[in-house]
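Structure file my_file23.txt (compact mmCIF, C-alpha atoms and all ligand atoms) follows.
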# COMPACT_ATOMS: atom_id res chain seq x y z
CA MET A 151 30.63 7.47 -1.30
CA PRO A 152 31.92 9.16 1.86
CA LEU A 153 31.72 12.94 1.75
CA PRO A 154 35.00 14.81 2.02
CA LYS A 155 35.63 16.57 5.24
CA ILE A 156 35.11 20.29 5.05
CA LYS A 157 36.41 23.20 6.97
CA ILE A 158 33.41 25.37 7.42
CA SER A 159 35.38 28.43 8.40
CA ASP A 160 37.30 28.24 5.10
CA THR A 161 34.13 27.62 3.18
CA LEU A 162 32.54 30.63 4.79
CA LYS A 163 35.47 32.84 3.96
CA SER A 164 35.41 31.85 0.34
CA LEU A 165 31.84 32.80 -0.28
CA GLU A 166 29.21 35.37 0.43
CA ARG A 167 27.60 34.52 3.71
CA LEU A 168 24.03 33.39 3.25
CA PHE A 169 23.03 35.29 6.31
CA GLN A 170 25.17 38.30 6.85
CA ALA A 171 25.03 39.95 10.23
CA LYS A 172 25.72 43.58 9.39
CA ALA A 173 25.03 44.81 5.91
CA PRO A 174 26.19 48.00 4.19
CA PRO A 175 23.64 50.25 2.46
CA LEU A 176 22.17 48.00 -0.17
CA ILE A 177 19.48 47.41 -2.72
CA GLY A 178 17.23 44.35 -2.68
CA MET A 179 17.43 42.60 -6.04
CA ASP A 180 15.13 39.77 -7.09
CA ILE A 181 15.98 37.92 -10.31
CA SER A 182 12.86 35.92 -11.17
CA THR A 183 11.37 34.35 -14.28
CA SER A 184 9.64 37.45 -15.57
CA ALA A 185 11.86 40.32 -14.48
CA VAL A 186 14.69 41.81 -12.46
CA LYS A 187 13.20 43.78 -9.58
CA MET A 188 14.99 46.23 -7.31
CA VAL A 189 13.86 47.97 -4.13
CA GLU A 190 15.68 50.54 -2.00
CA LEU A 191 14.47 51.22 1.54
CA THR A 192 15.68 53.57 4.24
CA ASP A 193 15.07 53.41 7.95
CA THR A 194 13.10 56.28 9.44
CA GLY A 195 13.57 55.04 12.99
CA ASN A 196 11.48 52.84 15.25
CA LYS A 197 11.45 49.99 12.75
CA MET A 198 9.63 52.20 10.27
CA TYR A 199 10.79 52.25 6.68
CA ARG A 200 10.53 54.48 3.66
CA ILE A 201 10.60 53.18 0.11
CA GLU A 202 13.00 55.41 -1.76
CA ARG A 203 12.72 53.85 -5.19
CA TYR A 204 12.00 50.65 -7.02
CA ALA A 205 12.30 49.34 -10.58
CA ILE A 206 11.07 46.33 -12.53
CA GLU A 207 12.90 45.40 -15.73
CA PRO A 208 11.32 42.63 -17.83
CA LEU A 209 13.55 39.70 -18.80
CA PRO A 210 13.59 38.14 -22.26
CA ARG A 211 11.79 34.84 -22.44
CA ASP A 212 13.71 31.81 -21.16
CA SER A 213 16.60 33.84 -19.75
CA VAL A 214 15.62 32.51 -16.32
CA ILE A 215 14.05 29.06 -16.17
CA GLU A 216 12.70 27.67 -12.92
CA GLY A 217 14.82 30.13 -11.02
CA ASN A 218 18.04 29.22 -12.81
CA ILE A 219 19.93 31.67 -14.97
CA ASN A 220 19.84 30.27 -18.48
CA ASN A 221 21.21 33.26 -20.37
CA LEU A 222 23.81 35.11 -18.35
CA ASP A 223 24.30 37.95 -20.85
CA ALA A 224 20.60 38.70 -21.08
CA VAL A 225 20.21 38.70 -17.31
CA GLY A 226 23.33 40.83 -16.80
CA GLU A 227 22.03 43.39 -19.30
CA ALA A 228 18.63 43.47 -17.60
CA VAL A 229 20.28 43.97 -14.20
CA LYS A 230 22.17 46.91 -15.69
CA ARG A 231 19.04 48.47 -17.19
CA CYS A 232 17.13 47.91 -13.97
CA HIS A 233 19.80 49.64 -11.91
CA SER A 234 19.99 52.65 -14.19
CA ARG A 235 16.22 52.91 -14.20
CA LEU A 236 16.29 52.70 -10.40
CA GLY A 237 18.62 55.72 -10.36
CA SER A 238 20.37 54.84 -7.11
CA SER A 239 24.01 55.46 -6.27
CA ILE A 240 24.14 52.32 -4.12
CA LYS A 241 26.05 49.50 -5.80
CA ASN A 242 25.71 46.80 -3.14
CA VAL A 243 22.86 44.38 -3.61
CA ALA A 244 21.25 41.66 -1.56
CA LEU A 245 20.13 38.84 -3.81
CA ALA A 246 18.35 35.55 -3.29
CA LEU A 247 18.64 32.01 -4.57
CA PRO A 248 15.59 30.08 -5.70
CA ASN A 249 14.18 27.79 -3.00
CA ALA A 250 15.05 24.66 -4.94
CA ALA A 251 18.73 25.62 -5.08
CA VAL A 252 19.03 25.59 -1.31
CA ILE A 253 18.64 22.86 1.22
CA THR A 254 17.80 24.06 4.68
CA LYS A 255 17.60 22.03 7.80
CA LYS A 256 17.08 22.84 11.43
CA ILE A 257 19.20 21.11 14.03
CA LEU A 258 19.23 21.36 17.81
CA VAL A 259 22.42 22.06 19.69
CA PRO A 260 22.89 22.57 23.42
CA ALA A 261 22.56 26.19 24.52
CA GLY A 262 25.75 28.03 25.40
CA LEU A 263 28.03 26.59 22.73
CA THR A 264 30.62 28.85 21.16
CA GLU A 265 30.45 29.71 17.45
CA GLU A 266 33.30 27.24 16.81
CA GLU A 267 31.55 24.46 18.70
CA ILE A 268 28.36 25.06 16.72
CA GLU A 269 30.40 24.86 13.52
CA VAL A 270 31.62 21.40 14.45
CA GLN A 271 28.03 20.23 14.95
CA VAL A 272 26.89 21.84 11.71
CA GLU A 273 29.72 20.12 9.86
CA ALA A 274 28.82 16.71 11.25
CA GLU A 275 25.15 17.22 10.40
CA ALA A 276 25.87 18.53 6.89
CA ASN A 277 27.93 15.44 6.13
CA GLN A 278 24.86 13.36 6.80
CA TYR A 279 22.20 15.06 4.78
CA ILE A 280 23.73 16.85 1.82
CA PRO A 281 23.33 14.69 -1.27
CA PHE A 282 26.31 16.02 -3.20
CA SER A 283 29.98 16.65 -2.64
CA LEU A 284 30.56 19.35 -0.09
CA ASP A 285 33.23 20.79 -2.40
CA GLU A 286 30.40 22.00 -4.59
CA VAL A 287 28.48 23.49 -1.73
CA ASN A 288 28.25 26.77 0.12
CA LEU A 289 27.34 26.17 3.69
CA ASP A 290 26.14 28.56 6.35
CA PHE A 291 24.16 28.54 9.54
CA GLN A 292 22.21 30.87 11.75
CA VAL A 293 21.14 30.47 15.36
CA VAL A 294 17.34 30.76 15.35
CA GLY A 295 16.80 30.81 19.10
CA PRO A 296 15.73 28.61 22.02
CA ALA A 297 13.99 25.41 20.96
CA GLY A 298 11.01 26.10 23.23
CA GLU A 299 10.12 27.72 26.51
CA ASP A 300 12.93 27.27 29.05
CA ALA A 301 14.63 24.92 26.58
CA GLU A 302 18.13 23.64 27.06
CA ASP A 303 18.69 23.47 23.32
CA VAL A 304 18.86 26.15 20.67
CA GLU A 305 17.65 25.75 17.10
CA VAL A 306 20.23 26.29 14.39
CA LEU A 307 19.22 26.71 10.76
CA ILE A 308 21.69 25.25 8.29
CA ALA A 309 21.57 26.34 4.65
CA ALA A 310 23.53 24.62 1.92
CA SER A 311 23.48 25.67 -1.71
CA ARG A 312 25.20 24.61 -4.91
CA LYS A 313 28.12 26.95 -5.54
CA GLU A 314 27.29 27.27 -9.22
CA LYS A 315 23.87 28.78 -8.39
CA VAL A 316 25.48 31.45 -6.27
CA GLU A 317 28.20 32.06 -8.85
CA ASP A 318 25.69 32.59 -11.69
CA ARG A 319 23.87 35.27 -9.76
CA VAL A 320 27.02 36.95 -8.58
CA ALA A 321 28.28 36.99 -12.19
CA ALA A 322 25.07 38.61 -13.49
CA THR A 323 25.42 41.20 -10.74
CA GLU A 324 29.03 41.97 -11.57
CA VAL A 325 28.37 42.27 -15.31
CA ALA A 326 26.20 45.23 -14.36
CA GLY A 327 28.94 46.78 -12.23
CA LEU A 328 27.19 45.91 -8.97
CA LYS A 329 28.37 43.94 -5.99
CA ALA A 330 26.60 41.04 -4.30
CA ALA A 331 26.89 41.87 -0.61
CA VAL A 332 24.30 39.46 0.80
CA VAL A 333 23.02 36.16 -0.55
CA ASP A 334 19.69 35.00 0.81
CA VAL A 335 16.97 32.54 -0.16
CA ASP A 336 13.71 33.54 -1.92
CA LEU A 337 11.55 32.00 0.74
CA LEU A 338 13.32 33.62 3.68
CA ALA A 339 13.32 37.02 1.99
CA ALA A 340 9.58 36.74 1.33
CA GLN A 341 9.05 35.73 4.95
CA ALA A 342 10.93 38.81 6.11
CA ALA A 343 8.57 40.96 4.03
CA TYR A 344 5.59 39.06 5.40
CA GLU A 345 6.47 40.30 8.89
CA LEU A 346 5.39 43.73 7.66
CA ILE A 347 2.00 42.33 6.69
CA GLU A 348 1.38 40.18 9.75
CA SER A 349 0.42 43.19 11.83
CA GLN A 350 -2.72 43.55 9.71
CA PHE A 351 -4.17 40.42 11.32
CA PRO A 352 -5.82 40.44 14.74
CA ASP A 353 -3.27 39.47 17.40
CA HIS A 354 -0.70 39.12 14.57
CA ALA A 355 -2.33 35.78 13.63
CA LYS A 356 -0.85 34.19 16.75
CA ASP A 357 -1.28 30.39 16.75
CA GLN A 358 -3.00 30.57 13.38
CA ASN A 359 -2.06 29.20 9.98
CA VAL A 360 -1.37 31.79 7.31
CA ALA A 361 -0.91 30.59 3.72
CA ILE A 362 1.27 32.82 1.59
CA VAL A 363 0.25 31.97 -1.95
CA ASP A 364 2.66 33.32 -4.54
CA VAL A 365 1.37 33.22 -8.10
CA GLY A 366 4.14 34.35 -10.43
CA ALA A 367 4.73 33.88 -14.13
CA THR A 368 5.16 30.12 -14.27
CA PHE A 369 4.95 28.81 -10.71
CA THR A 370 2.63 28.94 -7.74
CA THR A 371 4.25 28.50 -4.36
CA ILE A 372 2.32 27.96 -1.17
CA ASN A 373 4.14 28.55 2.09
CA VAL A 374 2.12 28.05 5.25
CA LEU A 375 3.38 29.96 8.26
CA ARG A 376 2.51 29.47 11.88
CA ASN A 377 3.88 31.99 14.36
CA GLY A 378 6.32 33.17 11.73
CA GLN A 379 7.74 29.71 10.99
CA SER A 380 7.21 27.79 7.78
CA ILE A 381 5.31 24.55 8.42
CA TYR A 382 4.58 23.58 4.81
CA LEU A 383 5.98 24.43 1.39
CA ARG A 384 4.90 23.29 -2.04
CA GLU A 385 5.22 24.47 -5.62
CA GLN A 386 2.91 23.70 -8.50
CA PRO A 387 3.17 24.76 -12.13
CA PHE A 388 0.60 27.52 -12.59
CA GLY A 389 1.06 31.20 -13.30
CA GLY A 390 0.36 34.35 -15.27
CA ALA A 391 2.29 33.19 -18.36
CA GLN A 392 -0.75 31.03 -19.06
CA LEU A 393 -3.00 34.10 -19.13
CA THR A 394 -0.51 35.99 -21.29
CA GLN A 395 -0.52 33.10 -23.77
CA GLU A 396 -4.33 33.08 -23.87
CA ILE A 397 -4.39 36.82 -24.55
CA GLN A 398 -1.86 36.35 -27.36
CA ASP A 399 -3.90 33.55 -28.94
CA LYS A 400 -7.28 35.19 -28.56
CA PHE A 401 -6.36 38.67 -29.79
CA GLY A 402 -3.38 37.92 -32.04
CA LEU A 403 -0.89 39.91 -29.96
CA SER A 404 2.84 39.42 -29.35
CA ARG A 405 3.94 38.37 -25.89
CA GLU A 406 5.14 41.91 -25.11
CA GLU A 407 1.87 43.44 -26.29
CA ALA A 408 -0.12 40.93 -24.26
CA GLU A 409 1.92 41.71 -21.13
CA VAL A 410 1.26 45.44 -21.53
CA ALA A 411 -2.44 44.94 -22.24
CA LYS A 412 -2.82 42.74 -19.19
CA ARG A 413 -1.74 45.56 -16.93
CA ALA A 414 -2.94 48.64 -18.76
CA GLY A 415 -6.28 47.27 -19.94
CA GLY A 416 -7.75 48.27 -23.27
CA LEU A 417 -8.50 44.75 -24.47
CA PRO A 418 -11.81 44.06 -26.27
CA ASP A 419 -14.98 43.62 -24.19
CA ASN A 420 -14.97 39.84 -24.40
CA TYR A 421 -11.58 39.71 -22.61
CA GLU A 422 -13.21 39.71 -19.23
CA THR A 423 -15.87 37.09 -19.85
CA GLU A 424 -13.95 34.81 -22.18
CA VAL A 425 -10.36 35.04 -20.93
CA LEU A 426 -9.94 36.73 -17.55
CA ASN A 427 -12.85 35.18 -15.67
CA PRO A 428 -12.07 31.58 -16.67
CA PHE A 429 -8.43 32.20 -15.68
CA LEU A 430 -9.53 33.53 -12.28
CA GLU A 431 -11.72 30.46 -11.82
CA THR A 432 -8.72 28.21 -12.47
CA PHE A 433 -6.71 30.40 -10.10
CA GLY A 434 -9.26 29.85 -7.33
CA LEU A 435 -9.25 26.09 -7.94
CA GLU A 436 -5.45 25.95 -7.88
CA VAL A 437 -5.38 27.67 -4.50
CA ALA A 438 -8.10 25.38 -3.15
CA ARG A 439 -6.15 22.40 -4.42
CA ALA A 440 -2.96 23.67 -2.77
CA LEU A 441 -4.81 23.95 0.56
CA GLN A 442 -6.13 20.41 0.17
CA PHE A 443 -2.56 19.13 -0.24
CA PHE A 444 -1.63 21.00 2.92
CA PHE A 445 -4.48 19.43 4.89
CA THR A 446 -3.78 15.89 3.71
CA SER A 447 -0.05 16.04 4.38
CA THR A 448 -0.05 17.74 7.78
CA GLN A 449 -1.89 17.48 11.09
CA TYR A 450 -3.79 20.68 10.31
CA ASN A 451 -7.23 21.01 8.77
CA GLN A 452 -7.53 24.75 8.73
CA VAL A 453 -5.99 27.83 7.19
CA ASN A 454 -7.02 31.09 8.86
CA HIS A 455 -5.77 33.61 6.32
CA ILE A 456 -4.52 33.64 2.75
CA VAL A 457 -2.03 36.28 1.63
CA LEU A 458 -1.82 36.53 -2.16
CA THR A 459 1.57 37.55 -3.56
CA GLY A 460 3.25 37.54 -6.95
CA GLY A 461 2.32 39.46 -10.08
CA CYS A 462 -0.99 37.64 -10.51
CA ALA A 463 -2.22 38.98 -7.16
CA ALA A 464 -2.66 42.29 -9.02
CA LEU A 465 -5.42 40.86 -11.22
CA PRO A 466 -8.69 42.63 -10.48
CA GLY A 467 -11.09 40.58 -8.38
CA VAL A 468 -8.65 37.78 -7.61
CA ASP A 469 -8.97 38.07 -3.82
CA GLY A 470 -12.76 37.73 -4.02
CA VAL A 471 -12.55 34.64 -6.21
CA VAL A 472 -10.03 32.95 -3.91
CA ALA A 473 -12.00 33.84 -0.75
CA GLN A 474 -15.16 32.43 -2.27
CA ARG A 475 -13.53 29.21 -3.48
CA THR A 476 -11.67 28.50 -0.25
CA GLN A 477 -13.96 30.20 2.31
CA VAL A 478 -10.81 31.68 3.86
CA ASN A 479 -10.17 35.36 4.59
CA THR A 480 -7.98 36.51 1.68
CA ILE A 481 -5.86 39.63 1.37
CA ILE A 482 -3.52 40.95 -1.29
CA ALA A 483 0.01 41.46 -0.03
CA ASN A 484 1.31 44.98 0.24
CA PRO A 485 4.53 45.03 2.24
CA PHE A 486 4.74 48.79 1.74
CA ALA A 487 1.33 49.58 3.25
CA ASN A 488 2.80 51.08 6.41
CA MET A 489 5.82 52.68 4.80
CA ALA A 490 6.44 56.27 3.91
CA LEU A 491 6.81 56.86 0.17
CA SER A 492 9.48 59.05 -1.35
CA SER A 493 8.28 61.53 -3.93
CA LYS A 494 9.92 59.39 -6.62
CA VAL A 495 7.47 56.55 -6.02
CA ARG A 496 4.03 56.81 -7.57
CA PRO A 497 1.45 55.40 -5.16
CA LYS A 498 -0.81 54.05 -7.89
CA ASN A 499 2.01 52.14 -9.59
CA LEU A 500 3.32 50.84 -6.30
CA GLN A 501 -0.12 49.58 -5.34
CA GLN A 502 -0.16 47.42 -8.49
CA ASP A 503 3.43 46.24 -8.25
CA ALA A 504 3.58 45.66 -4.48
CA PRO A 505 2.47 41.99 -4.44
CA SER A 506 5.27 41.04 -6.86
CA LEU A 507 7.90 42.88 -4.81
CA MET A 508 7.83 40.69 -1.68
CA VAL A 509 11.22 39.09 -2.29
CA ALA A 510 12.89 42.34 -3.40
CA CYS A 511 11.42 44.11 -0.36
CA GLY A 512 12.56 41.39 2.06
CA LEU A 513 16.03 41.60 0.54
CA ALA A 514 16.09 45.39 0.84
CA MET A 515 15.30 44.96 4.55
CA ARG A 516 18.56 43.04 5.01
CA ARG A 517 20.15 46.46 5.18
CA PHE A 518 18.73 46.88 8.67
CA ASP A 519 19.61 43.45 10.05
CA SER A 520 21.56 43.54 13.22
N1 LIG A 601 -0.50 44.48 -12.72
C1 LIG A 601 -0.59 43.24 -13.20
N2 LIG A 601 -1.77 42.75 -13.64
C2 LIG A 601 -1.86 41.49 -14.10
N3 LIG A 601 -0.84 40.63 -14.19
C3 LIG A 601 0.34 41.05 -13.75
C4 LIG A 601 0.54 42.37 -13.24
N4 LIG A 601 1.82 42.50 -12.88
C5 LIG A 601 2.41 41.33 -13.18
N5 LIG A 601 1.52 40.45 -13.70
C6 LIG A 601 1.78 39.08 -14.15
O1 LIG A 601 2.41 38.37 -13.11
C7 LIG A 601 3.41 37.51 -13.63
C8 LIG A 601 4.73 37.87 -13.04
O2 LIG A 601 4.64 37.79 -11.64
P1 LIG A 601 5.92 37.74 -10.74
O3 LIG A 601 6.74 38.92 -11.02
O4 LIG A 601 5.50 37.48 -9.36
O5 LIG A 601 6.58 36.43 -11.36
P2 LIG A 601 8.03 35.86 -11.25
O6 LIG A 601 8.42 35.86 -9.84
O7 LIG A 601 8.90 36.55 -12.21
O8 LIG A 601 7.80 34.39 -11.79
P3 LIG A 601 7.93 32.99 -11.05
O9 LIG A 601 7.49 33.21 -9.64
O10 LIG A 601 7.05 32.08 -11.83
O11 LIG A 601 9.37 32.66 -11.14
C9 LIG A 601 3.42 37.69 -15.13
O12 LIG A 601 2.66 36.66 -15.73
C10 LIG A 601 2.75 39.05 -15.30
O13 LIG A 601 2.06 39.14 -16.52
MG MG A 602 8.22 34.64 -8.14
Write out the structure in this file as structure tokens.
Ligand SMILES: Nc1ncnc2c1ncn2[C@@H]1O[C@H](COP(=O)(O)OP(=O)(O)OP(=O)(O)O)[C@@H](O)[C@H]1O
Ligand SMILES: [Mg+2]
Amino acid sequence: MPLPKIKISDTLKSLERLFQAKAPPLIGMDISTSAVKMVELTDTGNKMYRIERYAIEPLPRDSVIEGNINNLDAVGEAVKRCHSRLGSSIKNVALALPNAAVITKKILVPAGLTEEEIEVQVEAEANQYIPFSLDEVNLDFQVVGPAGEDAEDVEVLIAASRKEKVEDRVAATEVAGLKAAVVDVDLLAAQAAYELIESQFPDHAKDQNVAIVDVGATFTTINVLRNGQSIYLREQPFGGAQLTQEIQDKFGLSREEAEVAKRAGGLPDNYETEVLNPFLETFGLEVARALQFFFTSTQYNQVNHIVLTGGCAALPGVDGVVAQRTQVNTIIANPFANMALSSKVRPKNLQQDAPSLMVACGLAMRRFDS
């Protein structure tokens, strides 16, 4: 079936731009499986940031499934609670779509084209690769930069997403009296936050492969970056919900009790040996397996660093287990490590929550895009 012709300029007008050039003061908001998370940053000059406040509000089970909003009321209520807990007067938020809801593609266009000329190329390209009617799609593009040294072409990143996915998130935002000012993609937001971590590696890991391994509640995502660009992406079903379930079964706790106990401790002595350690072993194997998939499906046979993100990166000892299993230098992500902290943020709590705030942090940084 031929795709209908679209007018990209109209499409752009009718929706939130996926990549907005200049953003108003805003909060980064991540709606994930386990929680709504918000981060507010300010700029202290010289590309240095301060974290003003953050909040994490747990979501009821199954209100978000595989990144999709399944219960709009529950999510809207959680967004509201999260924002009041955050205690910020800012009502604009930057939010992100799950990776699977967005198709991105890089195309090359000759350097020196006008915005309108690029649009024509994007339109032609989009007609070729988008597998559903363009009526149902939000389309946007961003010029990445020259395609190589003294290149005559520039790379343009096209992003297309199903309108309904954007609309669900915007609706949950509006229920809470907030406004969606920027719509981004999980992966790109996490990559923006990774730029804050990159400086921890010698020579900023130039020409090296860095695997960002995100272990959340239900999914593990591995994104391998080379010089800041994603060269490999894969998701596999593994996450902390499994550990929560084991704690529930072993000690006869409710899901909520198990979640609290996981973080706060206070479980019986055999928790470590009989529940946590076997889970960490599986964790290490999952990461090793993910790296194997990377090696077999790309030209590369090495990963130089692993950055652990997601809530499970806060489990004690996890970096050691992964480093031992994979024989790769492993660090736990803390995008706030070089930031100033406002007095409202408790360093000890932030330390624990930091790895799960990559997306929210990357979104909060959209405030400073220029
Ligand atoms: N301090 C902590 N110690 C141990 N586990 C934690 C801690 N904080 C969060 N978790 C666990 O991490 C998981 C949530 O992580 P995260 O917030 O990254 O997931 P998510 O993004 O909501 O889920 P997904 O990525 O699967 O969509 C939960 O299983 C939670 O129990
Ligand atoms: Mg996640």
Go through chain A and flag each residue having an atom no more than 9 Å from ligand LIG 601 (chain A); for those, report the closest pair of atoms plus their distance in Å to one decimal, using all atoms listed in the file, ordered by chain and rising number, as CSV.
residue,atom,partner,partner_atom,distance
A:Asp180,CA,A:LIG601,O6,8.2
A:Ile181,CA,A:LIG601,O7,7.5
A:Ser182,CA,A:LIG601,O7,4.1
A:Thr183,CA,A:LIG601,O7,3.9
A:Ser184,CA,A:LIG601,O7,3.6
A:Ala185,CA,A:LIG601,O7,5.3
A:Val186,CA,A:LIG601,O7,7.8
A:Lys187,CA,A:LIG601,O3,8.2
A:Ile206,CA,A:LIG601,O3,8.7
A:Pro208,CA,A:LIG601,O7,8.6
A:Leu209,CA,A:LIG601,O7,8.7
A:Val214,CA,A:LIG601,O11,8.1
A:Ile215,CA,A:LIG601,O11,7.8
A:Glu216,CA,A:LIG601,O11,6.3
A:Gly217,CA,A:LIG601,O11,6.0
A:Pro248,CA,A:LIG601,O11,8.7
A:Asp364,CA,A:LIG601,O4,7.0
A:Val365,CA,A:LIG601,O4,6.1
A:Gly366,CA,A:LIG601,O5,3.3
A:Ala367,CA,A:LIG601,O10,3.7
A:Thr368,CA,A:LIG601,O10,3.7
A:Phe369,CA,A:LIG601,O10,4.0
A:Thr370,CA,A:LIG601,O9,6.7
A:Thr371,CA,A:LIG601,O9,7.8
A:Pro387,CA,A:LIG601,O10,8.3
A:Phe388,CA,A:LIG601,O10,7.9
A:Gly389,CA,A:LIG601,O12,6.2
A:Gly390,CA,A:LIG601,O12,3.3
A:Ala391,CA,A:LIG601,O12,4.4
A:Gln392,CA,A:LIG601,O12,7.4
A:Leu393,CA,A:LIG601,O12,7.1
A:Thr394,CA,A:LIG601,O13,6.3
A:Ala408,CA,A:LIG601,O13,8.2
A:Glu409,CA,A:LIG601,O13,5.3
A:Val410,CA,A:LIG601,O13,8.1
A:Ala411,CA,A:LIG601,C2,8.9
A:Lys412,CA,A:LIG601,C2,5.3
A:Arg413,CA,A:LIG601,N2,4.3
A:Ala414,CA,A:LIG601,N1,7.7
A:Gly415,CA,A:LIG601,N2,9.0
A:Thr459,CA,A:LIG601,O4,7.0
A:Gly460,CA,A:LIG601,O4,3.3
A:Gly461,CA,A:LIG601,O1,3.2
A:Cys462,CA,A:LIG601,O1,4.3
A:Ala463,CA,A:LIG601,N3,7.4
A:Ala464,CA,A:LIG601,N2,4.7
A:Leu465,CA,A:LIG601,C2,4.6
A:Pro466,CA,A:LIG601,N2,7.6
A:Asn499,CA,A:LIG601,N1,8.6
A:Gln501,CA,A:LIG601,N1,9.0
A:Gln502,CA,A:LIG601,N1,5.2
A:Asp503,CA,A:LIG601,N4,6.2
A:Pro505,CA,A:LIG601,O4,7.3
A:Ser506,CA,A:LIG601,O4,4.4
A:Leu507,CA,A:LIG601,O3,7.5
A:Met508,CA,A:LIG601,O4,8.6
A:Val509,CA,A:LIG601,O6,8.7
Review point. Do you know which residues are at most 12 Å from Gln379 of chain A counting only C-alpha atoms, after dropping those on the same chain fewer than 2 positions away, and could you put them as a list in words?
Key: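 Answer for this query is Lys256, Val294, Leu307, Leu337, Leu338, Gln341, Ala342, Tyr344, Glu345, Lys356, Asp357, Gln358, Asn359, Val360, Ala361, Ile362, Asn373, Val374, Leu375, Arg376, Asn377, Ile381, Tyr382 and Leu383 of chain A.
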Review point. Using only C-alpha atoms, which residue out of A:Ala322, A:Ile268, A:His455, A:Gly178 lies closest to Pro352 of chain A?
Key: A:His455
How big is the axis-aligned box, and where does its centre sit, when it encloses all atoms of segment 359-363 of chain A listed in the file and has 5 Å added on every side, reported in Å to one decimal as JSON?
{"center_x": -0.4, "center_y": 31.0, "center_z": 4.0, "size_x": 13.3, "size_y": 13.6, "size_z": 21.9}
Check your understanding: Separation of atom CA of Ala309 of chain A and atom CA of Gln442 of chain A, in Å?
Key ->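 Spanning atom CA of Ala309 of chain A to atom CA of Gln442 of chain A is a straight-line distance of 28.7 Å.
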Practice item. Give me the residues within 10 Å of Leu258 of chain A as an MDAnalysis selection string, counting all atoms listed in the file and dropping any in the same chain fewer than 4 places off. Key: chainID A and resid 268 271:272 293:297 302:307
Residues of the last selection are to be written out with C-alpha atoms, as a CSV table (one decimal), in the coordinates of the input.
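Full text of part_27.csv as output:
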chain,number,residue,atom,x,y,z
A,268,ILE,CA,28.4,25.1,16.7
A,271,GLN,CA,28.0,20.2,15.0
A,272,VAL,CA,26.9,21.8,11.7
A,293,VAL,CA,21.1,30.5,15.4
A,294,VAL,CA,17.3,30.8,15.4
A,295,GLY,CA,16.8,30.8,19.1
A,296,PRO,CA,15.7,28.6,22.0
A,297,ALA,CA,14.0,25.4,21.0
A,302,GLU,CA,18.1,23.6,27.1
A,303,ASP,CA,18.7,23.5,23.3
A,304,VAL,CA,18.9,26.2,20.7
A,305,GLU,CA,17.6,25.8,17.1
A,306,VAL,CA,20.2,26.3,14.4
A,307,LEU,CA,19.2,26.7,10.8
**Study point:** Between atom CA of Asp336 of chain A and atom CA of Ala251 of chain A, distance in Å (one decimal)
**Key:**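 According to the coordinates, atom CA of Asp336 of chain A and atom CA of Ala251 of chain A are separated by 9.9 Å.
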Check your understanding: Hey, which of A:Ala301, A:Ile240, A:Leu328, A:Ala438 ends up closest to Gly226 of chain A? Count all atoms listed in the file.
Key ->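 The answer is A:Leu328, which sits nearest to Gly226 of chain A.
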Exercise for review: Quick one: pull the distance between atom CA of Val189 of chain A and atom CA of Ala246 of chain A, Å, one decimal.
Suggested key: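 Computing it gives 13.2 Å between the two atoms.
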Check your understanding: Of the candidates A:Val495, A:Leu346, A:Gln449, A:Leu513, which one gets nearest to Ala483 of chain A if we count all atoms listed in the file?
Key ->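 Using all atoms listed in the file, Ala483 of chain A sits closest to A:Leu346.
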Check your understanding: Of the candidates A:Gly298, A:Gly512, A:Gly195, A:Gly467, which shows the shortest atom-to-atom distance to Ala343 of chain A, using only C-alpha atoms?
Key ->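 Looking only at the distances to Ala343 of chain A, the closest residue turns out to be A:Gly512.
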Check your understanding: Of the candidates A:Pro210, A:Leu176, A:Val472, A:Asn488, which shows the shortest atom-to-atom distance to Ser349 of chain A, using all atoms listed in the file?
Key ->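 Smallest distance to Ser349 of chain A is found for A:Asn488.
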